[in-house]
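Colleague: Input structure: input08.csv, which contains CSV, C-alpha atoms.
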```
chain,number,residue,atom,x,y,z
V,1,MET,CA,17.6,12.0,14.0
V,2,ARG,CA,15.8,13.3,17.0
V,3,PRO,CA,14.4,11.8,20.2
V,4,TYR,CA,10.8,10.7,20.0
V,5,ILE,CA,9.3,13.1,22.5
V,6,ALA,CA,5.9,14.7,22.2
V,7,GLU,CA,6.2,18.5,22.1
V,8,ASP,CA,2.9,18.9,23.9
V,9,GLU,CA,0.1,16.7,25.1
V,10,GLY,CA,-2.1,17.5,22.1
V,11,ASP,CA,-5.4,15.9,21.5
V,12,ILE,CA,-6.2,12.6,23.2
V,13,TYR,CA,-8.2,10.0,21.3
V,14,ASP,CA,-9.9,7.0,22.8
V,15,ILE,CA,-9.3,4.3,20.2
V,16,LYS,CA,-10.6,0.8,21.0
V,17,ALA,CA,-11.6,-2.3,19.1
V,18,ASP,CA,-14.7,-3.4,21.0
V,19,LYS,CA,-16.4,-6.8,20.8
V,20,GLU,CA,-18.8,-5.7,18.0
V,21,TYR,CA,-15.8,-4.5,15.9
V,22,ILE,CA,-13.9,-7.7,16.6
V,23,ASP,CA,-16.9,-9.8,15.7
V,24,ARG,CA,-17.2,-7.9,12.4
V,25,ARG,CA,-13.5,-8.4,11.7
V,26,ARG,CA,-13.3,-12.1,12.7
V,27,PRO,CA,-14.3,-13.5,9.2
V,28,PHE,CA,-11.2,-11.8,7.8
V,29,PHE,CA,-8.8,-13.7,10.1
V,30,PRO,CA,-9.6,-17.3,9.3
V,31,GLU,CA,-6.1,-18.3,10.3
V,32,SER,CA,-6.7,-17.2,13.9
V,33,GLY,CA,-9.5,-17.8,16.3
V,34,ASP,CA,-7.7,-15.7,18.8
V,35,ASP,CA,-9.6,-12.5,19.6
V,36,SER,CA,-6.4,-10.9,21.1
V,37,TYR,CA,-4.7,-11.2,17.7
V,38,ILE,CA,-7.7,-9.7,16.0
V,39,GLU,CA,-7.8,-6.9,18.5
V,40,TYR,CA,-4.1,-6.3,18.1
V,41,LYS,CA,-4.5,-5.9,14.3
V,42,SER,CA,-7.7,-3.9,14.6
V,43,LEU,CA,-6.0,-1.4,16.9
V,44,ILE,CA,-3.2,-0.8,14.4
V,45,ASN,CA,-5.8,-0.3,11.7
V,46,LEU,CA,-8.0,2.1,13.8
V,47,THR,CA,-5.0,4.1,14.9
V,48,SER,CA,-3.8,4.5,11.4
V,49,LEU,CA,-7.3,5.7,10.3
V,50,TYR,CA,-7.3,8.3,13.1
V,51,LEU,CA,-3.9,9.5,12.1
V,52,LEU,CA,-4.6,9.9,8.3
V,53,PRO,CA,-6.0,13.5,8.7
V,54,PHE,CA,-2.6,14.3,10.3
V,55,ASN,CA,-0.8,13.0,7.2
V,56,CYS,CA,0.5,10.0,9.1
V,57,CYS,CA,0.0,6.2,8.7
V,58,MET,CA,1.6,3.1,10.0
V,59,PHE,CA,3.5,1.0,7.5
V,60,HIS,CA,4.3,-2.7,7.7
V,61,ALA,CA,8.1,-2.8,7.7
V,62,VAL,CA,11.2,-3.1,9.8
V,63,ALA,CA,12.7,0.5,10.0
V,64,PHE,CA,16.2,1.4,11.1
V,65,SER,CA,18.4,4.4,10.7
V,66,TRP,CA,21.8,4.3,9.0
V,67,GLN,CA,23.8,7.3,7.7
V,68,GLY,CA,21.3,9.6,9.3
V,69,LEU,CA,18.4,8.3,7.3
V,70,ALA,CA,15.6,5.8,7.9
V,71,TRP,CA,15.5,2.7,5.7
V,72,LEU,CA,12.4,0.4,5.5
V,73,ILE,CA,12.6,-3.3,4.8
V,74,SER,CA,9.1,-4.3,3.8
V,75,GLY,CA,7.4,-7.3,2.3
V,76,ALA,CA,4.8,-9.9,3.1
V,77,SER,CA,5.0,-11.8,6.4
V,78,GLY,CA,7.6,-14.4,6.4
V,79,THR,CA,9.8,-12.9,3.7
V,80,GLY,CA,12.7,-12.3,6.1
V,81,LYS,CA,12.4,-8.7,7.2
V,82,THR,CA,13.8,-9.3,10.7
V,83,THR,CA,16.5,-11.6,9.2
V,84,GLN,CA,17.6,-8.7,7.0
V,85,TYR,CA,17.8,-6.3,9.9
V,86,ARG,CA,19.8,-8.8,11.9
V,87,ASN,CA,22.2,-9.2,9.0
V,88,TRP,CA,22.6,-5.4,8.8
V,89,LYS,CA,23.2,-5.2,12.5
V,90,LYS,CA,26.0,-7.9,12.2
V,91,VAL,CA,27.7,-6.0,9.4
V,92,PHE,CA,27.2,-2.3,10.5
V,93,LYS,CA,26.9,-2.8,14.3
V,94,SER,CA,26.5,0.5,16.1
V,95,GLU,CA,26.1,2.4,12.8
V,96,ILE,CA,22.5,1.0,12.8
V,97,SER,CA,19.8,2.1,15.2
V,98,MET,CA,16.4,0.5,15.3
V,99,ILE,CA,13.3,2.6,14.8
V,100,SER,CA,10.6,0.0,14.7
V,101,GLY,CA,10.7,-3.8,14.4
V,102,ASP,CA,7.3,-4.1,12.6
V,103,MET,CA,5.2,-1.1,12.3
V,104,PRO,CA,6.8,2.3,11.9
V,105,LEU,CA,4.7,5.5,11.6
V,106,LEU,CA,5.3,7.4,8.4
V,107,GLU,CA,4.6,11.1,8.6
V,108,MET,CA,4.3,13.3,5.5
V,109,LYS,CA,5.9,16.6,6.4
V,110,ASP,CA,6.8,19.6,4.4
V,111,ASP,CA,10.5,18.7,4.5
V,112,GLY,CA,9.9,15.1,3.5
V,113,VAL,CA,8.7,11.8,5.0
V,114,TRP,CA,9.7,11.1,8.5
V,115,VAL,CA,9.8,7.6,10.1
V,116,HIS,CA,8.8,7.2,13.8
V,117,PRO,CA,8.7,4.3,16.3
V,118,THR,CA,5.3,3.0,17.5
V,119,PRO,CA,4.3,0.6,20.3
V,120,TRP,CA,3.8,-2.2,17.8
V,121,ASN,CA,7.0,-4.1,17.5
V,122,GLY,CA,6.1,-7.5,16.1
V,123,LYS,CA,6.5,-10.9,17.4
V,124,GLU,CA,10.3,-10.4,17.9
V,125,ARG,CA,9.5,-7.3,20.0
V,126,ILE,CA,12.4,-5.3,18.5
V,127,LYS,CA,11.7,-1.6,19.3
V,128,GLY,CA,13.4,1.7,18.9
V,129,THR,CA,13.1,5.2,20.3
V,130,ILE,CA,14.4,7.5,17.5
V,131,SER,CA,12.9,9.1,14.4
V,132,ALA,CA,14.6,9.9,11.1
V,133,PRO,CA,13.8,11.2,7.6
V,134,LEU,CA,13.1,8.5,5.1
V,135,GLY,CA,16.0,7.3,2.9
V,136,GLY,CA,14.5,4.5,0.9
V,137,ILE,CA,12.5,1.3,0.9
V,138,VAL,CA,13.3,-2.3,0.1
V,139,LEU,CA,10.5,-4.7,-0.8
V,140,LEU,CA,11.7,-8.3,0.0
V,141,LYS,CA,11.0,-11.4,-2.0
V,142,GLN,CA,12.4,-14.8,-1.1
V,143,ALA,CA,14.5,-16.4,-3.8
V,144,ASP,CA,17.4,-18.8,-4.3
V,145,MET,CA,19.7,-16.0,-5.3
V,146,ASP,CA,20.5,-12.5,-4.2
V,147,GLU,CA,19.5,-9.7,-6.7
V,148,ILE,CA,18.6,-6.1,-6.2
V,149,ARG,CA,17.0,-3.7,-8.6
V,150,ARG,CA,15.4,-0.3,-8.4
V,151,MET,CA,11.7,-0.3,-9.2
V,152,SER,CA,9.9,2.3,-11.3
V,153,SER,CA,7.4,4.5,-9.5
V,154,GLU,CA,4.6,3.0,-11.5
V,155,GLU,CA,5.6,-0.5,-10.8
V,156,CYS,CA,6.0,-0.1,-7.0
V,157,SER,CA,3.0,2.0,-6.3
V,158,ILE,CA,0.5,-0.8,-5.6
V,159,PRO,CA,3.0,-2.9,-3.5
V,160,ILE,CA,3.8,0.3,-1.4
V,161,LEU,CA,0.1,1.1,-1.0
V,162,LEU,CA,-0.6,-2.5,0.2
V,163,GLN,CA,2.0,-2.1,3.0
V,164,PHE,CA,0.2,0.8,4.7
V,165,ALA,CA,-1.5,-0.7,7.8
V,166,ALA,CA,-4.9,0.7,7.2
V,167,ASN,CA,-8.2,-0.6,5.8
V,168,PRO,CA,-9.8,2.7,4.5
V,169,GLU,CA,-13.5,3.1,5.1
V,170,THR,CA,-14.1,6.3,3.1
V,171,GLU,CA,-13.2,7.9,-0.2
V,172,ASP,CA,-11.2,10.5,1.7
V,173,GLN,CA,-9.2,7.9,3.5
V,174,ILE,CA,-8.5,6.0,0.2
V,175,MET,CA,-7.4,9.3,-1.4
V,176,SER,CA,-5.1,10.0,1.6
V,177,LEU,CA,-3.5,6.6,1.4
V,178,SER,CA,-3.0,6.8,-2.4
V,179,GLY,CA,-1.6,10.3,-2.0
V,180,MET,CA,0.9,9.1,0.5
V,181,ALA,CA,1.9,6.2,-1.8
V,182,ASP,CA,2.2,8.7,-4.7
V,183,ARG,CA,4.5,11.0,-2.7
V,184,ILE,CA,6.7,8.1,-1.5
V,185,VAL,CA,7.2,6.4,-4.9
V,186,LYS,CA,7.8,9.7,-6.7
V,187,SER,CA,10.3,11.0,-4.1
V,188,TYR,CA,12.2,8.1,-2.7
V,189,PRO,CA,14.0,5.1,-4.1
V,190,VAL,CA,12.2,1.7,-3.9
V,191,PHE,CA,14.1,-1.5,-4.5
V,192,GLU,CA,13.0,-5.0,-5.0
V,193,LEU,CA,15.4,-7.4,-3.2
V,194,ARG,CA,15.2,-11.0,-4.2
V,195,ASN,CA,17.3,-12.8,-1.6
V,196,ARG,CA,18.3,-15.8,0.4
V,197,GLY,CA,18.3,-14.0,3.7
V,198,ASP,CA,22.1,-14.1,3.9
V,199,MET,CA,24.8,-11.5,4.8
V,200,ALA,CA,25.6,-11.0,1.1
V,201,SER,CA,22.1,-9.7,0.4
V,202,ALA,CA,22.4,-7.2,3.3
V,203,ILE,CA,25.8,-5.9,1.9
V,204,MET,CA,24.3,-5.8,-1.6
V,205,THR,CA,21.5,-3.6,-0.3
V,206,ALA,CA,23.8,-1.3,1.6
V,207,GLN,CA,25.9,-0.8,-1.6
V,208,ALA,CA,22.7,0.1,-3.5
V,209,PHE,CA,21.8,2.7,-0.8
V,210,ASN,CA,25.4,4.0,-0.7
V,211,SER,CA,25.4,4.5,-4.4
V,212,LEU,CA,22.3,6.7,-4.0
V,213,LEU,CA,23.9,8.7,-1.2
V,214,THR,CA,27.1,9.2,-3.2
V,215,LYS,CA,25.2,10.4,-6.2
V,216,LYS,CA,23.2,12.6,-3.8
V,217,GLU,CA,20.0,11.2,-5.1
V,218,ILE,CA,18.8,11.3,-1.5
V,219,ILE,CA,19.0,14.6,0.4
W,1,MET,CA,-20.6,-15.5,-18.6
W,2,THR,CA,-22.2,-14.0,-21.7
W,3,LEU,CA,-22.2,-10.3,-22.1
W,4,TYR,CA,-25.1,-8.6,-23.9
W,5,SER,CA,-24.5,-5.2,-25.5
W,6,ASN,CA,-27.9,-3.9,-24.3
W,7,LYS,CA,-27.3,-4.9,-20.7
W,8,ARG,CA,-26.6,-2.1,-18.3
W,9,TYR,CA,-23.7,-2.2,-15.9
W,10,VAL,CA,-23.1,-0.1,-12.8
W,11,SER,CA,-20.2,0.2,-10.4
W,12,LYS,CA,-20.5,-0.8,-6.8
W,13,LYS,CA,-20.4,2.0,-4.2
W,14,GLY,CA,-17.2,2.2,-2.1
W,15,ILE,CA,-14.7,1.8,-4.9
W,16,VAL,CA,-12.4,4.7,-5.8
W,17,LEU,CA,-10.4,5.2,-9.0
W,18,THR,CA,-7.2,6.8,-8.0
W,19,SER,CA,-3.5,6.8,-9.0
W,20,ALA,CA,0.0,6.7,-7.5
W,21,GLY,CA,3.3,7.0,-9.3
W,22,GLY,CA,1.5,7.1,-12.6
W,23,GLN,CA,-0.4,3.9,-12.0
W,24,GLN,CA,-4.1,4.1,-12.0
W,25,MET,CA,-5.9,1.8,-9.7
W,26,LEU,CA,-9.3,0.8,-8.1
W,27,VAL,CA,-9.2,0.8,-4.3
W,28,ALA,CA,-12.1,-0.7,-2.4
W,29,ALA,CA,-13.3,0.5,1.0
W,30,ALA,CA,-13.2,-1.9,4.0
W,31,SER,CA,-16.9,-2.5,3.7
W,32,LEU,CA,-16.3,-4.4,0.5
W,33,GLU,CA,-13.5,-6.6,2.0
W,34,GLY,CA,-14.1,-10.2,0.8
W,35,GLU,CA,-16.3,-9.0,-2.1
W,36,VAL,CA,-13.7,-7.3,-4.3
W,37,PRO,CA,-9.9,-7.1,-4.3
W,38,TYR,CA,-8.6,-4.3,-2.1
W,39,VAL,CA,-6.5,-2.8,-5.0
W,40,THR,CA,-6.4,-3.6,-8.7
W,41,GLY,CA,-4.3,-1.7,-11.2
W,42,VAL,CA,-6.1,-0.5,-14.3
W,43,ASN,CA,-5.1,0.7,-17.7
W,44,GLU,CA,-6.3,3.9,-19.4
W,45,THR,CA,-9.2,2.3,-21.2
W,46,ALA,CA,-10.4,0.6,-18.0
W,47,ALA,CA,-10.1,3.9,-16.1
W,48,PHE,CA,-12.2,5.6,-18.8
W,49,ILE,CA,-14.8,2.9,-18.6
W,50,TRP,CA,-14.9,3.1,-14.8
W,51,GLY,CA,-15.7,6.8,-15.0
W,52,SER,CA,-18.8,6.0,-17.0
W,53,LEU,CA,-20.1,3.3,-14.8
W,54,LYS,CA,-21.3,5.3,-11.8
W,55,ASN,CA,-24.8,5.9,-13.3
W,56,GLY,CA,-25.0,2.8,-15.3
W,57,VAL,CA,-24.0,2.2,-18.9
W,58,THR,CA,-24.4,-0.3,-21.7
W,59,GLU,CA,-21.6,-1.7,-23.8
W,60,LYS,CA,-23.0,0.2,-26.8
W,61,GLU,CA,-23.0,3.5,-24.9
W,62,LEU,CA,-19.5,2.9,-23.8
W,63,LEU,CA,-18.4,2.3,-27.3
W,64,GLU,CA,-20.0,5.6,-28.4
W,65,ARG,CA,-18.4,7.5,-25.5
W,66,MET,CA,-15.0,6.0,-26.3
W,67,ALA,CA,-15.4,7.0,-30.0
W,68,ASP,CA,-16.2,10.6,-28.9
W,69,GLU,CA,-13.2,10.7,-26.6
W,70,PHE,CA,-10.5,8.8,-28.5
W,71,GLU,CA,-9.6,8.2,-32.2
W,72,ILE,CA,-10.6,4.7,-32.8
W,73,ASP,CA,-9.4,3.0,-36.0
W,74,ASP,CA,-10.9,-0.4,-35.4
W,75,MET,CA,-14.3,-0.4,-33.8
W,76,GLU,CA,-14.5,-4.2,-33.6
W,77,GLN,CA,-11.2,-4.3,-31.6
W,78,ALA,CA,-12.5,-1.5,-29.3
W,79,GLU,CA,-15.7,-3.4,-28.7
W,80,ALA,CA,-13.8,-6.5,-27.9
W,81,GLU,CA,-11.6,-4.5,-25.4
W,82,ILE,CA,-14.7,-3.0,-23.7
W,83,SER,CA,-16.3,-6.5,-23.4
W,84,ALA,CA,-13.1,-7.9,-22.0
W,85,ILE,CA,-12.7,-5.2,-19.4
W,86,LEU,CA,-16.4,-5.3,-18.4
W,87,LYS,CA,-16.1,-9.1,-18.1
W,88,GLN,CA,-13.1,-8.8,-15.8
W,89,LEU,CA,-14.7,-6.0,-13.7
W,90,TYR,CA,-17.8,-8.1,-13.4
W,91,GLU,CA,-16.0,-11.3,-12.4
W,92,GLN,CA,-13.9,-9.5,-9.8
W,93,GLY,CA,-17.1,-8.1,-8.3
W,94,TYR,CA,-16.5,-4.4,-9.1
W,95,ILE,CA,-19.6,-4.0,-11.2
W,96,ILE,CA,-23.1,-5.4,-11.2
W,97,ARG,CA,-25.5,-5.9,-14.1
W,98,ILE,CA,-28.9,-4.3,-13.9
W,99,ASP,CA,-31.6,-5.7,-16.1
```
Represent the structure from my file as structure tokens, please.
Modeller:
Amino acid sequence: MRPYIAEDEGDIYDIKADKEYIDRRRPFFPESGDDSYIEYKSLINLTSLYLLPFNCCMFHAVAFSWQGLAWLISGASGTGKTTQYRNWKKVFKSEISMISGDMPLLEMKDDGVWVHPTPWNGKERIKGTISAPLGGIVLLKQADMDEIRRMSSEECSIPILLQFAANPETEDQIMSLSGMADRIVKSYPVFELRNRGDMASAIMTAQAFNSLLTKKEII
Amino acid sequence: MTLYSNKRYVSKKGIVLTSAGGQQMLVAAASLEGEVPYVTGVNETAAFIWGSLKNGVTEKELLERMADEFEIDDMEQAEAEISAILKQLYEQGYIIRID
């Protein structure tokens, strides 16, 4: 883990979702007539698109560090991502450090995929300040039972691609996103967790992660 | 919808055939949001067909190209598969028919 501190000022980009952009996006938010919400989502998308050439993109998930690695709990809205994090926190307490409560930044580096915090922390506003190398990803599904299984790379590729917070506008952007998804599903474990949102499901997930760490499937 | 073997089909612009984790998929640009699904997984046959659709192609031409590319034992079955894939791509909005 390392502190999230910029090494230099770098380039500064002026990213904004102006009225014209918001008007164009409004039809795709039928559930919300609130322009501030559309602007919020649009800024995430535009920021991701700006970052793609730097091999970075935001990813819809709760991200926390445990055992020196970043673990992502992802899934559709309302599937209990924050609940899972809270359960982990109850079980593992100070062993867990939050990276991002809603929208971590994934960076494809030579030494692996790194997970960073961003200013977008979701409605619960749970935020972190550390970065860590990726350990694995859990895709949540609500169920009336707890069950975890490792997904094949072929099977999880589309669900992973869908969790990137970017609406690509060009062929290059589409290829960047699918390339990132390809790298993740080929290099990192992805699990499907059908769960009731209880403590048992968090412990079950930790055991699955621990099993990988013991077998040194994750470096 | 009825498909005619002499009708020509062409893919819409802004859709990219790509793959991740061994899964081939069609991914649509944001400009097509609401017109076609963002991502759809496709099999090997559909991916081959997609590659032929850019400049427009008929079912008959597709069948000939597939016969050149693959060993086909049952032409009727291949024709049915092509029709089914074109029908699905058409209904999902990925391709248009040009008369």
Colleague: Within 9 Å of Val27 of chain W, counting all atoms listed in the file, which residues show up once you throw out same-chain ones fewer than 3 positions away? Write them as a list in words, please.
Modeller: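 The neighbour list is Ile174 and Ser178 of chain V; Gly14, Ile15, Val16, Leu17, Thr18, Pro37, Tyr38, Val39, Thr40 and Gly41 of chain W.
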Colleague: Could you save those same residues with C-alpha atoms as a short mmCIF file (atom, residue, chain, number, x, y, z; two decimals), keeping the file's coordinate frame?
Modeller:
```cif
data_model
loop_
_atom_site.label_atom_id
_atom_site.label_comp_id
_atom_site.auth_asym_id
_atom_site.auth_seq_id
_atom_site.Cartn_x
_atom_site.Cartn_y
_atom_site.Cartn_z
CA ILE V 174 -8.50 6.00 0.20
CA SER V 178 -3.00 6.80 -2.40
CA GLY W 14 -17.20 2.20 -2.10
CA ILE W 15 -14.70 1.80 -4.90
CA VAL W 16 -12.40 4.70 -5.80
CA LEU W 17 -10.40 5.20 -9.00
CA THR W 18 -7.20 6.80 -8.00
CA PRO W 37 -9.90 -7.10 -4.30
CA TYR W 38 -8.60 -4.30 -2.10
CA VAL W 39 -6.50 -2.80 -5.00
CA THR W 40 -6.40 -3.60 -8.70
CA GLY W 41 -4.30 -1.70 -11.20
#
```
Colleague: Taking into account all atoms listed in the file, which residue in the set V:Ser97, V:Ser211, V:Asn45, V:Ser157 is nearest to chain W?
Modeller: V:Ser157
Colleague: Within 8 Å of segment 98-105 of chain V, which residues of segment 59-88 of chain V come that close, and what is the closest atom pair and distance in Å for each? Count only C-alpha atoms and give it as a Markdown table.
Modeller:
```
| residue | atom | partner | partner_atom | distance |
| --- | --- | --- | --- | --- |
| V:Phe59 | CA | V:Met103 | CA | 5.5 |
| V:His60 | CA | V:Met103 | CA | 5.0 |
| V:Ala61 | CA | V:Asp102 | CA | 5.1 |
| V:Val62 | CA | V:Gly101 | CA | 4.7 |
| V:Ala63 | CA | V:Ser100 | CA | 5.2 |
| V:Phe64 | CA | V:Met98 | CA | 4.3 |
| V:Ser65 | CA | V:Met98 | CA | 6.4 |
| V:Ala70 | CA | V:Ile99 | CA | 7.9 |
| V:Thr82 | CA | V:Gly101 | CA | 7.3 |
```
Colleague: Taking only C-alpha atoms into account, report as a PyMOL selection string which residues of chain W lie within 6 Å of chain V.
Modeller: chain W and resi 20-23+29-30
Colleague: Please determine, counting all atoms listed in the file, which residue among V:Ser48, V:Asn55, V:Gln207, V:Gln163 has the shortest atom-to-atom distance to Leu139 of chain V.
Modeller: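 Among the listed residues, the smallest separation from Leu139 of chain V belongs to V:Gln163.
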Colleague: Do a neighbour search on Trp66 of chain V at 9 Å with only C-alpha atoms, toss out local chain neighbours closer than 3 positions, and write the hits as an NGL selection string.
Modeller: :V and (69-71 or 92 or 95-97 or 135)
Colleague: Find the distance between atom CA of Ile203 of chain V and atom CA of Ala165 of chain V and write it in Å to one decimal.
Modeller: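 For atom CA of Ile203 of chain V relative to atom CA of Ala165 of chain V, the distance reads 28.4 Å.
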Colleague: Rounded to one decimal, what separation in Å do you get between atom CA of Glu64 of chain W and atom CA of Ile98 of chain W?
Modeller: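 Calculated distance between atom CA of Glu64 of chain W and atom CA of Ile98 of chain W is 19.7 Å.
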Colleague: For Thr79 of chain V, which residue out of V:Arg196, V:Met151, V:Phe191, V:Gln142 is the nearest one, using only C-alpha atoms?
Modeller: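 Looking at the shortest contact to Thr79 of chain V, the residue is V:Gln142.
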Colleague: Figure out the distance between atom CA of Glu35 of chain W and atom CA of Leu53 of chain W, please, to one decimal in Å.
Modeller: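 Interatomic distance here is 18.1 Å.
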Colleague: Give the answer as one residue: which of V:Phe29, V:Lys19, V:Ala200, V:Ile38 has the shortest atom-to-atom distance to Gly34 of chain W, using all atoms listed in the file?
Modeller: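 Nearest candidate to Gly34 of chain W out of V:Phe29, V:Lys19, V:Ala200, V:Ile38: V:Phe29.
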Colleague: Have a look at W:Ile49, W:Met25, W:Met66, W:Val57 and name the one nearest to Ile96 of chain W; count only C-alpha atoms.
Modeller: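 Of W:Ile49, W:Met25, W:Met66, W:Val57, the one nearest Ile96 of chain W is W:Val57, counting only C-alpha atoms.
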Colleague: Within 12 Å of (23.9, 9.5, -1.4), only C-alpha atoms: residues as an NGL selection string?
Modeller: :V and (66-69 or 135-136 or 188-189 or 206-219)
Colleague: Pick out the closest residue to Ala80 of chain W from this set: W:Ser19, W:Asn55, W:Ser31, W:Thr45. Count only C-alpha atoms.
Modeller: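 The shortest atom-to-atom distance to Ala80 of chain W comes from W:Thr45.
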Colleague: Would you list the residues near (-13.6, -8.3, -18.7) (no more than 12 Å away, in the coordinates of the file, using only C-alpha atoms) as a ChimeraX atom specification?
Modeller: /W:1-3,42,45-46,49,59,79-95
Colleague: Put the listed atoms of segment 70-82 of chain V in a box along x, y and z with 8 Å added on every side and give me the centre and edge lengths in Å to one decimal, as AutoDock Vina command-line options.
Modeller:
```
--center_x 10.2 --center_y -4.3 --center_z 6.5 --size_x 26.8 --size_y 36.2 --size_z 24.4
```
Colleague: Show which residues sit within 9 Å of Asn6 of chain W, as a ChimeraX atom specification. Count only C-alpha atoms, and ignore same-chain residues fewer than 4 positions away.
Modeller: /W:58-61
